[in-house]
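Data block below; observations after.
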Amino acid sequence: MEIQLLGNIQSTIMTRHQKAEVMIAGEQLRLRIHDSKLIKDHRHHLRTYPNCFVAQELIDWLIAHKEVPDRETAVQLIQHLMDHDIIHHVCDKWPVFYDAKYLYRFRKDDGTFPFNIEVKIFMRGQRLYEHLITSKDSILALREEKGVAYERSFPGYMLIDWLLQNGEIESRRQGLDLCKALMEHDIIQHVSLKHHFFDSGLLYQFCINFRRRRRLSELLHETENEEVECITQLNQDQADSPFTLRKTSPSENNSDFLSVQPAEDLNVPTNGHCGSLTHQHHSFTVSLTTAVAVRCNPISVLKRHVTCEELLSPGAPYVKRVLTILGDDLGWGIVVRGKSPCYVQAVDPGSPAAAAGVKVRQFVCRVNGRSVLHLDYRTLSKLVMTGPRFVTLEVMQPLD
């Protein structure tokens with residue numbers, strides 16, 4: 001019963017994250033095509049339709065801006081936005097998006113967006129995030145809790161003070177209710193995921209980076225069962241050999257990872273075999289059928305050995321960060337090595353991991369709320385690859 005309840009909670013969180021990503025990506029697309037003057041008033045059958053776009057023109061724009069590889073993918077993408085009530089036909093005549101000279105419109109441009117409680121909380125959180133990021137009196141700063149430093153964090157009482165000062169709430173009780181709602185809808189969280197929201201000195205952070213540029217292709221990958229290739233190590237008995245969470249192909253030239261030492265080309269043997277990995281959100285068919293050239297770095301990027309006790313000691317020169325990564329069709333884009341603790345050896349500069357702020361020499365403390373400090377890289381890789389595509393990493397990085 002407890003396991004089933006936990007699964008339902010995780011499924012609800014994933015659904016919220018997916019909805020959030022669709023809403024953010026849809027809004028970013030809306031603003032971009034507004035800037036491109038693609039959204040304008042159109043006249044059809046003696047009637048003027050304000051703030052709409054022509055389906056074919058939007059598909060042309062998506063292909064020209066390399067957001068999609070072909071028209072079919074573009075149609076699937078916009079259909080996904082329609083299914084989430086981001087876009088609709090101007091007359092609501094068709095629930096399907098057609099590659100034709102039909103007129104469509106963003107619901108936010110005509111006031112038909114379904115503002116339920118969940119959406120209202122999300123948009124309130126997004127607006128507060130933008131205000132805090134750009135405000136001269138922003139309360140987001142580097143702070144410590146129990147000897148660990150957290151970037152862009154804020155005490156609970158200070159957020160309520162700020163909300164009162166900026167006219168967002170009328171009382172502390174109202175502020176406490178708002179902050180609890182933001183936390184329940186995964187907009188903010190306690191820095192170590194140990195507490196609910198309190199009007200106190202406990203530190204909190206925003207869970208979502210609303211400003212990160214979303215790849216439109218991410219929206220499609222959330223709902224597909226994708227195939228990933230298992231990249232094995234040349235020497236499975238070597239305890240410190242790296243693993244990668246991002247597939248490559250012989251034709252790709254962008255498989256270099258950001259690391260300190262120069263990489264070497266290693267050929268992966270074709271006689272490796274991996275089984276099928278499944279879980280409640282995604283099904284991964286893992287196989288290795290052809291030789292794949294992989295960029296690896298056999299030399300550790302760490303300047304010296306670091307122990308778990310050193311990372312956790314009060315006043316240690318490390319900053320704790322909570323990073324959210326939404327994997328794409330290639331995976332996550334990181335290479336992790338070591339054990340107790342594991343650390344980031346390399347990061348693909350064009351990957352979701354890089355976009356989320358993952359950097360070399362960061363030590364991995366938690367994965368989706370689970371402590372992994374004392375695990376080795378093989379156990380950690382299995383935990384990530386068999387988990388949800390939406391991964392939350394808690395890392396510690398040197399202050400220097």
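By order in the structure tokens, chains are A, B, ...; within a chain, residues start at 1; ligands start at 1, following the order shown.
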Find the spatial neighbours of stretch 55-72 of chain A, counting only C-alpha atoms, within a cut-off of 8 Å - ignore same-chain residues fewer than 3 positions away - and output them as a PyMOL selection string.
chain A and resi 38+75-76+97-104+215-217
Could you name the residues that touch stretch 302-318 of chain A at 7 Å or less, counting only C-alpha atoms, but leaving out those on the same chain fewer than 4 positions away, as a list in words?
Lys146, Gly147, Val148, Ala149, Ser340, Pro341, Arg361, Leu373, Met396, Gln397, Pro398 and Leu399 of chain A
Only N, CA and C atoms, please: the residues just picked out, written as a tab-separated table (two decimals), in the first residue's frame.
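Saved the output as again-v6.tsv:
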chain	number	residue	atom	x	y	z
A	146	LYS	N	22.74	24.80	8.11
A	146	LYS	CA	23.47	23.69	8.71
A	146	LYS	C	24.83	23.48	8.06
A	147	GLY	N	25.51	24.60	7.79
A	147	GLY	CA	26.87	24.54	7.27
A	147	GLY	C	26.99	24.30	5.79
A	148	VAL	N	25.86	24.20	5.09
A	148	VAL	CA	25.87	23.97	3.63
A	148	VAL	C	25.34	25.22	2.94
A	149	ALA	N	26.04	25.67	1.90
A	149	ALA	CA	25.64	26.88	1.17
A	149	ALA	C	24.72	26.54	0.01
A	340	SER	N	31.51	7.06	-3.70
A	340	SER	CA	31.52	7.55	-2.32
A	340	SER	C	32.49	8.72	-2.09
A	341	PRO	N	32.31	9.87	-2.77
A	341	PRO	CA	31.18	10.25	-3.60
A	341	PRO	C	31.48	10.14	-5.09
A	361	ARG	N	33.39	18.49	-11.89
A	361	ARG	CA	33.85	18.56	-10.49
A	361	ARG	C	32.72	18.73	-9.49
A	373	LEU	N	25.33	9.66	-1.99
A	373	LEU	CA	26.71	10.01	-1.67
A	373	LEU	C	27.62	8.79	-1.55
A	396	MET	N	27.07	19.21	-5.04
A	396	MET	CA	27.90	20.15	-4.30
A	396	MET	C	29.10	20.48	-5.15
A	397	GLN	N	29.41	21.76	-5.28
A	397	GLN	CA	30.51	22.18	-6.12
A	397	GLN	C	31.45	23.07	-5.31
A	398	PRO	N	32.76	23.05	-5.63
A	398	PRO	CA	33.73	23.87	-4.91
A	398	PRO	C	33.42	25.36	-5.06
A	399	LEU	N	33.71	26.12	-4.02
A	399	LEU	CA	33.48	27.56	-4.07
A	399	LEU	C	34.48	28.25	-4.99
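Restricting the calculation to only C-alpha atoms, the smallest distance between A:Asn116 and any of A:Asp85, A:Leu163, A:Val347, A:Asn368 is found for A:Asp85.
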When DSSP is applied to the backbone of this structure, which of stretch 47-158 of chain A are assigned strand (DSSP E)? Write them out as a PyMOL selection string.
chain A and resi 47-54+87-89+103-106+141-145+148-155
Expected file contents, prior selection, N, CA and C atoms, as a CSV table (one decimal), in the first residue's frame:
chain,number,residue,atom,x,y,z
A,47,ARG,N,-14.7,38.3,-42.1
A,47,ARG,CA,-14.5,38.5,-40.7
A,47,ARG,C,-13.1,38.6,-40.3
A,48,THR,N,-12.8,39.5,-39.4
A,48,THR,CA,-11.4,39.7,-38.9
A,48,THR,C,-11.1,38.9,-37.6
A,49,TYR,N,-10.1,38.1,-37.6
A,49,TYR,CA,-9.7,37.3,-36.5
A,49,TYR,C,-8.4,37.9,-35.9
A,50,PRO,N,-8.4,38.5,-34.7
A,50,PRO,CA,-7.2,39.2,-34.2
A,50,PRO,C,-6.3,38.2,-33.6
A,51,ASN,N,-5.0,38.6,-33.6
A,51,ASN,CA,-3.9,37.8,-32.9
A,51,ASN,C,-3.9,36.3,-33.2
A,52,CYS,N,-3.9,36.0,-34.5
A,52,CYS,CA,-3.8,34.6,-34.8
A,52,CYS,C,-2.7,34.4,-35.9
A,53,PHE,N,-2.5,33.1,-36.2
A,53,PHE,CA,-1.4,32.8,-37.1
A,53,PHE,C,-1.9,31.7,-38.1
A,54,VAL,N,-1.3,31.6,-39.3
A,54,VAL,CA,-1.6,30.6,-40.3
A,54,VAL,C,-0.8,29.4,-40.0
A,87,ILE,N,-2.9,26.1,-27.6
A,87,ILE,CA,-3.3,26.7,-28.9
A,87,ILE,C,-4.7,26.1,-29.3
A,88,HIS,N,-5.5,26.8,-30.0
A,88,HIS,CA,-6.7,26.3,-30.5
A,88,HIS,C,-7.1,26.9,-31.9
A,89,HIS,N,-8.0,26.2,-32.6
A,89,HIS,CA,-8.5,26.8,-33.8
A,89,HIS,C,-9.3,28.0,-33.5
A,103,LEU,N,-6.5,29.1,-39.6
A,103,LEU,CA,-6.1,30.1,-38.6
A,103,LEU,C,-6.2,29.5,-37.2
A,104,TYR,N,-5.1,29.6,-36.4
A,104,TYR,CA,-5.1,29.2,-35.1
A,104,TYR,C,-4.6,30.3,-34.2
A,105,ARG,N,-4.8,30.1,-32.9
A,105,ARG,CA,-4.5,31.2,-32.0
A,105,ARG,C,-4.0,30.6,-30.6
A,106,PHE,N,-3.2,31.3,-29.9
A,106,PHE,CA,-2.8,31.0,-28.6
A,106,PHE,C,-3.9,31.4,-27.6
A,141,ALA,N,19.7,34.8,-2.7
A,141,ALA,CA,21.1,35.0,-2.5
A,141,ALA,C,21.7,33.7,-2.0
A,142,LEU,N,23.1,33.7,-1.9
A,142,LEU,CA,23.8,32.6,-1.4
A,142,LEU,C,23.7,32.6,0.1
A,143,ARG,N,23.1,31.5,0.6
A,143,ARG,CA,22.9,31.4,2.1
A,143,ARG,C,23.3,30.0,2.6
A,144,GLU,N,23.5,29.9,3.9
A,144,GLU,CA,23.9,28.6,4.5
A,144,GLU,C,22.8,28.1,5.4
A,145,GLU,N,22.6,26.8,5.4
A,145,GLU,CA,21.7,26.1,6.4
A,145,GLU,C,22.5,24.9,6.8
A,148,VAL,N,25.9,24.2,5.1
A,148,VAL,CA,25.9,24.0,3.6
A,148,VAL,C,25.3,25.2,2.9
A,149,ALA,N,26.0,25.7,1.9
A,149,ALA,CA,25.6,26.9,1.2
A,149,ALA,C,24.7,26.5,0.0
A,150,TYR,N,23.7,27.4,-0.2
A,150,TYR,CA,22.7,27.2,-1.3
A,150,TYR,C,22.6,28.5,-2.1
A,151,GLU,N,22.7,28.4,-3.4
A,151,GLU,CA,22.6,29.5,-4.3
A,151,GLU,C,21.1,29.9,-4.5
A,152,ARG,N,20.9,31.2,-4.6
A,152,ARG,CA,19.5,31.7,-4.9
A,152,ARG,C,18.5,31.1,-3.9
A,153,SER,N,18.8,31.1,-2.7
A,153,SER,CA,17.9,30.6,-1.6
A,153,SER,C,17.4,31.8,-0.8
A,154,PHE,N,16.3,31.5,-0.1
A,154,PHE,CA,15.7,32.6,0.7
A,154,PHE,C,15.0,32.0,2.0
A,155,PRO,N,15.1,32.6,3.1
A,155,PRO,CA,14.4,32.1,4.3
A,155,PRO,C,12.9,32.3,4.1
In terms of the shortest atom-to-atom distance over only C-alpha atoms, which of A:Arg214, A:Tyr129, A:Asp328, A:Ile208 is closest to A:Thr392?
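When distances to A:Thr392 are compared using only C-alpha atoms, the smallest one comes from A:Ile208.
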Tell me, as a PyMOL selection string, which residues lie within 7 Å of A:Ser200, counting only C-alpha atoms; anything in the same chain fewer than 2 positions away does not count.
chain A and resi 155-157+198+202
Write a file of the selected residues as a PDB file, in the first residue's frame, keeping C-alpha atoms.
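Written output follows (again-v6.pdb):
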ATOM      1  CA  PRO A 155      14.381  32.150   4.285  1.00  0.00           C
ATOM      2  CA  GLY A 156      10.670  31.454   4.534  1.00  0.00           C
ATOM      3  CA  TYR A 157       9.972  34.513   6.682  1.00  0.00           C
ATOM      4  CA  PHE A 198       7.257  27.514   7.497  1.00  0.00           C
ATOM      5  CA  LEU A 202      14.474  27.634   6.996  1.00  0.00           C
TER       6      LEU A 202
END
As a PyMOL selection string, please: every residue in stretch 3-207 of chain A that DSSP puts in alpha helix (DSSP H).
chain A and resi 3-35+55-64+71-83+107-110+117-134+156-165+172-184
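When only C-alpha atoms are used to compute distances to A:Ala354, the closest of the residues A:Arg378, A:Arg370, A:Arg213, A:Lys37 turns out to be A:Arg213.
Remark: for A:Leu393, the closest of the candidate residues A:His45, A:Lys359, A:Lys136, A:Lys40 is A:Lys359 (distances computed over only C-alpha atoms).
In this structure, atom CA of A:Gly369 sits 16.5 Å away from atom CA of A:Leu203.
Atom pair atom CA of A:Gln126 / atom CA of A:Phe210 has a distance of 6.6 Å (rounded to one decimal).
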8 Å contact set for stretch 121-124 of chain A, only C-alpha atoms, chain neighbours under 5 positions out, as a ChimeraX atom specification:
/A:20,181-182,185,187
Pick from A:Gln18, A:Gln362, A:Gln205, A:Gln345 nearest to A:Cys179, counting only C-alpha atoms:
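Among the listed residues, A:Gln205 lies closest to A:Cys179.
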Among the residues A:Lys108, A:Cys365, A:Thr379, A:Tyr204, the one that comes closest to A:Gln28 [using only C-alpha atoms]
A:Lys108
At what distance in Å, to one decimal, does atom CA of A:Asp199 lie from atom CA of A:Ser371?
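So the answer is 26.8 Å.
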